Amino acid sequence: MTTAPGASAVLPAPSVPAEPLQVTPQGPWHTVRRELAERGSVVVFARLQDWLSDFPSDLPPATSTATGAEFGAGMGAGGDSALPALLGRDWQRFTQMTNDDVRGRFLASRLLLKYAAAAVLEARPADIDLAYKPGGRPYLRGCDQVDISLSHTADLLVVGITRRGWIGVDAELSSRQLRGSAVERQICTPYETQLLARTHQQARNAALVRLWTLKEAYSKAIGQGLRFRFTEFGFAPGARRVQVLRPDGTPGSGDEWSFCTWSVAGRYTVSLALVDLGFDDAVDVAARTMLDEAMADALLRQPQNTRWTAQREVRDPL
Amino acid sequence: MSELLLDRVADDVVTALETGRPPAGEHSRLYEDLGFDSLMLIELVDRLQERRPALGELPLPDMVGGMADIGSLTDLLRTAATAQPQPAPGMEAEGNAA
């Protein structure tokens, strides 16, 4: 899986990350860490299968009544699976998912997020405490200086990490049919509808997918998700400078916001929204630097006795 | 595939609203069990509005917190329906004829 040529990117502002980096459990995590150090933000993407291949393909389907302990005991010999420790507070929710596709994407996306966060925090994936705010926005508990965002669709996983402020990422299949759908009617501002009407039919669906991912990325960055009315803010399809607009097309955000859209792997549209809140002073975001001593000791305790962590540390010392 | 799923869920919810009975698959969760994503939620709300115009406008931001499973979505719509101002008889007849 490769990122499409740079020409596909839509005018990245200097403060936005370079093109998304493809990662597997093996890395390259040093590049991710360097990117965050140099640019303040990094976006990584991954192939679903690359993150599921180390787990038994015959994971028993969970039932709505299964508990985490029951599921864990059934997964591996002696119930010593590494997954409960790796997924942490997500474990129980994972065990109660009955849709195999959803379970696979949920698991792989959390693993990717934890590995990426562990790389930049110089911690172990199992020690990353992924938590959720009331609206569902994920965050790294105990590491407020680093903001994260997550998106997954089909076989693509995307994670954004920043130490500048807030970040939102969203990914969608570029071929997803939105033109003429309810989505076109329900997400567009009057100004966007007007501009889209002037767009050539063949380019209109691509413009809508880009709009959708930009709106989702922005809404995720501000912690609103689908609770934000997508018809009350917008973007200008095809504009050279991407900025948030009011429904009538007048500017609605300042220079602190940066947006970017990439074509990834030739079949996905990935958008980024990033707001610079001036958090850039903390160039060293290693967990030990950011946390007080007691918290660091608690989080970075000796490696847990999990096969997953041990294997990863041997293959990919962070 | 997703079109069939959307139609099925919309049919089940509308049938439940019309009969007053619990919907089929009441405890099926839209994301965890059925695999809905954000775009599918928008499509589902649109189908519900289309099939049950009496529900009035259904803004997704107001609904998304109550769409965990088919049962909670149905309950949410029942509440929304009772909160809607009742149309005058003539308006209802006109609405049915249109």
# chains A, B, ... in the order shown; residues from 1 in each chain; ligands from 1
call {"tool": "closest_atom_pairs", "arguments": {"of": "chain B", "to": "chain A", "cutoff": "10 Å", "atoms": "only C-alpha atoms", "output": "CSV"}}
result
residue,atom,partner,partner_atom,distance
B:His27,CA,A:Ser64,CA,9.7
B:Ser28,CA,A:Thr98,CA,9.5
B:Arg29,CA,A:Met97,CA,9.0
B:Tyr31,CA,A:Val102,CA,7.6
B:Glu32,CA,A:Met97,CA,5.0
B:Asp33,CA,A:Asn99,CA,4.8
B:Leu34,CA,A:Asn99,CA,6.4
B:Gly35,CA,A:Val102,CA,5.9
B:Phe36,CA,A:Val102,CA,8.9
B:Asp37,CA,A:Thr153,CA,8.6
B:Ser38,CA,A:Leu226,CA,7.6
B:Leu39,CA,A:Val183,CA,6.9
B:Met40,CA,A:Val183,CA,8.9
B:Leu41,CA,A:Leu226,CA,9.6
B:Ile42,CA,A:Val183,CA,6.3
B:Glu43,CA,A:Ala182,CA,5.7
B:Leu44,CA,A:Ala182,CA,8.9
B:Val45,CA,A:Ala182,CA,8.9
B:Asp46,CA,A:Ala182,CA,6.1
B:Arg47,CA,A:Ala182,CA,8.4
B:Pro59,CA,A:Arg229,CA,8.1
B:Leu60,CA,A:Leu226,CA,7.2
B:Pro61,CA,A:Arg227,CA,3.9
B:Asp62,CA,A:Arg227,CA,6.9
B:Met63,CA,A:Arg227,CA,8.3
B:Val64,CA,A:Arg227,CA,6.7
B:Gly65,CA,A:Arg227,CA,8.1
call {"tool": "write_last_selection", "arguments": {"atoms": "C-alpha atoms", "output": "PDB file, in the first residue's frame"}}
result
ATOM      1  CA  HIS B  27     -31.314  -5.498  20.724  1.00  0.00           C
ATOM      2  CA  SER B  28     -29.193  -5.417  17.574  1.00  0.00           C
ATOM      3  CA  ARG B  29     -26.650  -2.628  17.934  1.00  0.00           C
ATOM      4  CA  TYR B  31     -22.398  -0.418  15.011  1.00  0.00           C
ATOM      5  CA  GLU B  32     -21.225  -3.411  16.999  1.00  0.00           C
ATOM      6  CA  ASP B  33     -23.642  -5.958  15.532  1.00  0.00           C
ATOM      7  CA  LEU B  34     -24.801  -4.574  12.189  1.00  0.00           C
ATOM      8  CA  GLY B  35     -21.676  -2.738  11.073  1.00  0.00           C
ATOM      9  CA  PHE B  36     -23.227   0.675  10.479  1.00  0.00           C
ATOM     10  CA  ASP B  37     -20.865   3.574   9.850  1.00  0.00           C
ATOM     11  CA  SER B  38     -21.548   7.310   9.978  1.00  0.00           C
ATOM     12  CA  LEU B  39     -22.694   7.546   6.375  1.00  0.00           C
ATOM     13  CA  MET B  40     -25.098   4.665   6.893  1.00  0.00           C
ATOM     14  CA  LEU B  41     -26.609   6.433   9.915  1.00  0.00           C
ATOM     15  CA  ILE B  42     -27.346   9.442   7.720  1.00  0.00           C
ATOM     16  CA  GLU B  43     -28.910   7.191   5.088  1.00  0.00           C
ATOM     17  CA  LEU B  44     -30.993   5.417   7.715  1.00  0.00           C
ATOM     18  CA  VAL B  45     -32.387   8.648   9.150  1.00  0.00           C
ATOM     19  CA  ASP B  46     -33.228   9.785   5.636  1.00  0.00           C
ATOM     20  CA  ARG B  47     -35.093   6.538   4.916  1.00  0.00           C
ATOM     21  CA  PRO B  59     -31.680  16.016  12.752  1.00  0.00           C
ATOM     22  CA  LEU B  60     -28.951  13.412  13.150  1.00  0.00           C
ATOM     23  CA  PRO B  61     -27.085  15.431  15.823  1.00  0.00           C
ATOM     24  CA  ASP B  62     -30.178  15.233  18.031  1.00  0.00           C
ATOM     25  CA  MET B  63     -30.566  11.509  17.439  1.00  0.00           C
ATOM     26  CA  VAL B  64     -27.091  10.072  17.408  1.00  0.00           C
ATOM     27  CA  GLY B  65     -26.972   9.657  21.194  1.00  0.00           C
TER      28      GLY B  65
END
call {"tool": "select_by_dssp", "arguments": {"residues": "chain B", "states": "alpha helix (DSSP H)", "output": "PyMOL selection string"}}
result
chain B and resi 2-19+38-51+60-63+70-83+89-97
call {"tool": "residues_around", "arguments": {"residues": "A:Ile222", "least_positions_apart": "3", "cutoff": "12 Å", "atoms": "only C-alpha atoms", "output": "count of residues only"}}
result
26
call {"tool": "atom_distance", "arguments": {"atom1": "atom CA of A:Phe259", "atom2": "atom CA of A:Val242"}}
result
6.0 Å
call {"tool": "residues_around", "arguments": {"residues": "B:Glu18", "least_positions_apart": "6", "cutoff": "12 Å", "atoms": "only C-alpha atoms", "output": "PDB file with C-alpha atoms, in the first residue's frame"}}
result
ATOM      1  CA  ASP B  11     -38.714  -1.359   7.623  1.00  0.00           C
ATOM      2  CA  ASP B  12     -38.392  -2.946  11.055  1.00  0.00           C
ATOM      3  CA  ARG B  51     -41.184   6.382   5.037  1.00  0.00           C
ATOM      4  CA  ARG B  52     -42.704   8.120   7.999  1.00  0.00           C
ATOM      5  CA  ALA B  54     -45.229  12.387  10.187  1.00  0.00           C
ATOM      6  CA  LEU B  55     -42.028  12.141  12.223  1.00  0.00           C
ATOM      7  CA  THR B  74     -37.490   3.104  17.921  1.00  0.00           C
ATOM      8  CA  LEU B  77     -38.726   8.063  17.365  1.00  0.00           C
ATOM      9  CA  ARG B  78     -41.796   7.248  19.428  1.00  0.00           C
ATOM     10  CA  ALA B  81     -43.590  11.497  17.330  1.00  0.00           C
TER      11      ALA B  81
END
call {"tool": "atom_distance", "arguments": {"atom1": "atom CA of A:Arg240", "atom2": "atom CA of A:Cys260"}}
result
10.8 Å
call {"tool": "select_by_dssp", "arguments": {"residues": "stretch 83-301 of chain A", "states": "strand (DSSP E)", "output": "PyMOL selection string"}}
result
chain A and resi 130-132+138-140+147-153+156-162+165-173+257-264+268-276
call {"tool": "write_last_selection", "arguments": {"atoms": "N, CA and C atoms", "output": "compact mmCIF listing (two decimals), in the first residue's frame"}}
result
# COMPACT_ATOMS: atom_id res chain seq x y z
N LEU A 130 -5.75 4.16 26.65
CA LEU A 130 -6.67 4.80 25.70
C LEU A 130 -8.03 4.94 26.36
N ALA A 131 -8.51 6.16 26.44
CA ALA A 131 -9.81 6.40 27.08
C ALA A 131 -10.68 7.23 26.14
N TYR A 132 -11.93 7.44 26.54
CA TYR A 132 -12.89 8.13 25.67
C TYR A 132 -13.61 9.22 26.44
N PRO A 138 -11.55 9.67 21.40
CA PRO A 138 -10.48 8.97 22.11
C PRO A 138 -9.40 9.94 22.58
N TYR A 139 -8.76 9.62 23.69
CA TYR A 139 -7.62 10.41 24.15
C TYR A 139 -6.69 9.51 24.95
N LEU A 140 -5.49 10.01 25.14
CA LEU A 140 -4.49 9.25 25.90
C LEU A 140 -4.54 9.74 27.33
N ASP A 147 -2.47 14.89 21.32
CA ASP A 147 -3.84 14.61 20.91
C ASP A 147 -3.83 13.57 19.79
N ILE A 148 -4.89 12.77 19.75
CA ILE A 148 -4.95 11.67 18.78
C ILE A 148 -6.29 11.67 18.08
N SER A 149 -6.33 11.04 16.93
CA SER A 149 -7.60 10.81 16.22
C SER A 149 -7.48 9.52 15.44
N LEU A 150 -8.61 8.90 15.19
CA LEU A 150 -8.63 7.56 14.61
C LEU A 150 -9.74 7.47 13.58
N SER A 151 -9.44 6.78 12.48
CA SER A 151 -10.48 6.51 11.49
C SER A 151 -10.19 5.17 10.83
N HIS A 152 -11.23 4.47 10.45
CA HIS A 152 -11.03 3.23 9.70
C HIS A 152 -12.21 3.00 8.79
N THR A 153 -11.90 2.45 7.63
CA THR A 153 -12.96 2.11 6.68
C THR A 153 -12.42 1.01 5.77
N LEU A 156 -8.62 -0.06 5.51
CA LEU A 156 -7.68 1.01 5.84
C LEU A 156 -7.87 1.49 7.27
N LEU A 157 -6.74 1.70 7.94
CA LEU A 157 -6.74 2.27 9.29
C LEU A 157 -5.90 3.55 9.24
N VAL A 158 -6.36 4.60 9.90
CA VAL A 158 -5.62 5.87 9.91
C VAL A 158 -5.58 6.41 11.34
N VAL A 159 -4.41 6.87 11.75
CA VAL A 159 -4.26 7.51 13.05
C VAL A 159 -3.52 8.83 12.88
N GLY A 160 -4.01 9.88 13.52
CA GLY A 160 -3.32 11.16 13.53
C GLY A 160 -2.87 11.46 14.95
N ILE A 161 -1.67 12.01 15.07
CA ILE A 161 -1.13 12.38 16.38
C ILE A 161 -0.53 13.77 16.27
N THR A 162 -0.81 14.62 17.26
CA THR A 162 -0.22 15.95 17.24
C THR A 162 0.17 16.37 18.65
N GLY A 165 -1.98 20.77 19.21
CA GLY A 165 -3.30 21.18 19.67
C GLY A 165 -4.28 20.04 19.54
N TRP A 166 -5.25 20.21 18.67
CA TRP A 166 -6.24 19.15 18.43
C TRP A 166 -6.14 18.66 17.01
N ILE A 167 -6.44 17.37 16.83
CA ILE A 167 -6.34 16.78 15.51
C ILE A 167 -7.57 15.92 15.22
N GLY A 168 -7.98 15.88 13.96
CA GLY A 168 -9.05 14.98 13.54
C GLY A 168 -8.68 14.38 12.19
N VAL A 169 -8.88 13.08 12.04
CA VAL A 169 -8.64 12.45 10.74
C VAL A 169 -9.89 11.67 10.33
N ASP A 170 -10.08 11.57 9.03
CA ASP A 170 -11.19 10.74 8.56
C ASP A 170 -10.82 10.13 7.21
N ALA A 171 -11.26 8.91 7.01
CA ALA A 171 -10.94 8.18 5.78
C ALA A 171 -12.21 7.60 5.19
N GLU A 172 -12.28 7.59 3.88
CA GLU A 172 -13.43 6.99 3.20
C GLU A 172 -12.98 6.44 1.86
N LEU A 173 -13.64 5.41 1.41
CA LEU A 173 -13.37 4.90 0.07
C LEU A 173 -13.69 6.00 -0.94
N TRP A 257 -6.25 27.01 12.03
CA TRP A 257 -6.70 25.72 11.51
C TRP A 257 -5.97 25.39 10.21
N SER A 258 -5.57 24.13 10.08
CA SER A 258 -4.99 23.64 8.83
C SER A 258 -5.77 22.41 8.39
N PHE A 259 -5.93 22.28 7.11
CA PHE A 259 -6.65 21.12 6.56
C PHE A 259 -5.85 20.53 5.41
N CYS A 260 -5.99 19.25 5.23
CA CYS A 260 -5.30 18.61 4.13
C CYS A 260 -6.08 17.37 3.72
N THR A 261 -6.07 17.08 2.43
CA THR A 261 -6.70 15.85 1.94
C THR A 261 -5.69 15.10 1.08
N TRP A 262 -5.59 13.80 1.32
CA TRP A 262 -4.69 12.97 0.54
C TRP A 262 -5.46 11.82 -0.12
N SER A 263 -4.91 11.37 -1.22
CA SER A 263 -5.36 10.11 -1.79
C SER A 263 -4.39 9.05 -1.31
N VAL A 264 -4.91 8.03 -0.65
CA VAL A 264 -4.06 7.00 -0.05
C VAL A 264 -4.35 5.65 -0.69
N TYR A 268 -8.48 5.43 -1.41
CA TYR A 268 -9.07 6.06 -0.23
C TYR A 268 -8.83 7.57 -0.25
N THR A 269 -9.80 8.31 0.30
CA THR A 269 -9.64 9.73 0.52
C THR A 269 -9.47 9.93 2.02
N VAL A 270 -8.39 10.58 2.40
CA VAL A 270 -8.09 10.79 3.82
C VAL A 270 -7.94 12.29 4.06
N SER A 271 -8.68 12.81 5.02
CA SER A 271 -8.57 14.23 5.34
C SER A 271 -8.11 14.43 6.78
N LEU A 272 -7.48 15.56 6.96
CA LEU A 272 -6.92 15.94 8.26
C LEU A 272 -7.41 17.34 8.62
N ALA A 273 -7.79 17.53 9.88
CA ALA A 273 -8.05 18.86 10.43
C ALA A 273 -7.16 19.02 11.64
N LEU A 274 -6.49 20.16 11.71
CA LEU A 274 -5.51 20.37 12.78
C LEU A 274 -5.60 21.80 13.25
N VAL A 275 -5.74 21.98 14.54
CA VAL A 275 -5.74 23.35 15.07
C VAL A 275 -4.51 23.51 15.96
N ASP A 276 -3.80 24.60 15.70
CA ASP A 276 -2.58 24.88 16.46
C ASP A 276 -2.95 25.72 17.68
call {"tool": "residues_around", "arguments": {"residues": "B:Gly25", "least_positions_apart": "4", "cutoff": "10 Å", "atoms": "only C-alpha atoms", "output": "MDAnalysis selection string"}}
result
chainID B and resid 9 12:13 29 69:71
call {"tool": "write_last_selection", "arguments": {"atoms": "C-alpha atoms", "output": "PDB file, in the first residue's frame"}}
result
ATOM      1  CA  VAL B   9     -33.680  -1.785   9.551  1.00  0.00           C
ATOM      2  CA  ASP B  12     -38.392  -2.946  11.055  1.00  0.00           C
ATOM      3  CA  VAL B  13     -38.429   0.409  12.816  1.00  0.00           C
ATOM      4  CA  ARG B  29     -26.650  -2.628  17.934  1.00  0.00           C
ATOM      5  CA  ASP B  69     -29.574  -0.234  18.980  1.00  0.00           C
ATOM      6  CA  ILE B  70     -32.777  -0.704  17.008  1.00  0.00           C
ATOM      7  CA  GLY B  71     -34.881  -0.698  20.145  1.00  0.00           C
TER       8      GLY B  71
END
call {"tool": "residues_around", "arguments": {"residues": "A:Arg34", "least_positions_apart": "4", "cutoff": "12 Å", "atoms": "only C-alpha atoms", "output": "ChimeraX atom specification"}}
result
/A:17-18,21,28-30,38-42,119-122,283-285
call {"tool": "write_last_selection", "arguments": {"atoms": "C-alpha atoms", "output": "mmCIF file, in the first residue's frame"}}
result
data_model
loop_
_atom_site.group_PDB
_atom_site.id
_atom_site.type_symbol
_atom_site.label_atom_id
_atom_site.label_comp_id
_atom_site.auth_asym_id
_atom_site.auth_seq_id
_atom_site.Cartn_x
_atom_site.Cartn_y
_atom_site.Cartn_z
ATOM 1 C CA PRO A 17 2.141 16.737 8.515
ATOM 2 C CA ALA A 18 3.840 15.285 5.493
ATOM 3 C CA LEU A 21 3.242 7.112 6.592
ATOM 4 C CA PRO A 28 9.036 2.170 10.971
ATOM 5 C CA TRP A 29 8.386 3.740 14.363
ATOM 6 C CA HIS A 30 11.584 5.797 14.434
ATOM 7 C CA GLU A 38 10.109 17.751 13.424
ATOM 8 C CA ARG A 39 6.615 18.765 12.296
ATOM 9 C CA GLY A 40 4.571 18.574 15.461
ATOM 10 C CA SER A 41 2.067 16.172 13.920
ATOM 11 C CA VAL A 42 2.097 12.869 12.104
ATOM 12 C CA ALA A 119 6.239 5.022 19.602
ATOM 13 C CA VAL A 120 5.967 8.764 20.158
ATOM 14 C CA LEU A 121 5.704 8.467 23.944
ATOM 15 C CA GLU A 122 8.545 5.938 24.094
ATOM 16 C CA VAL A 283 9.292 18.931 21.713
ATOM 17 C CA ASP A 284 10.100 15.950 23.914
ATOM 18 C CA VAL A 285 6.845 14.102 24.383
#
call {"tool": "atom_distance", "arguments": {"atom1": "atom CA of A:Thr95", "atom2": "atom CA of A:Cys143"}}
result
26.7 Å
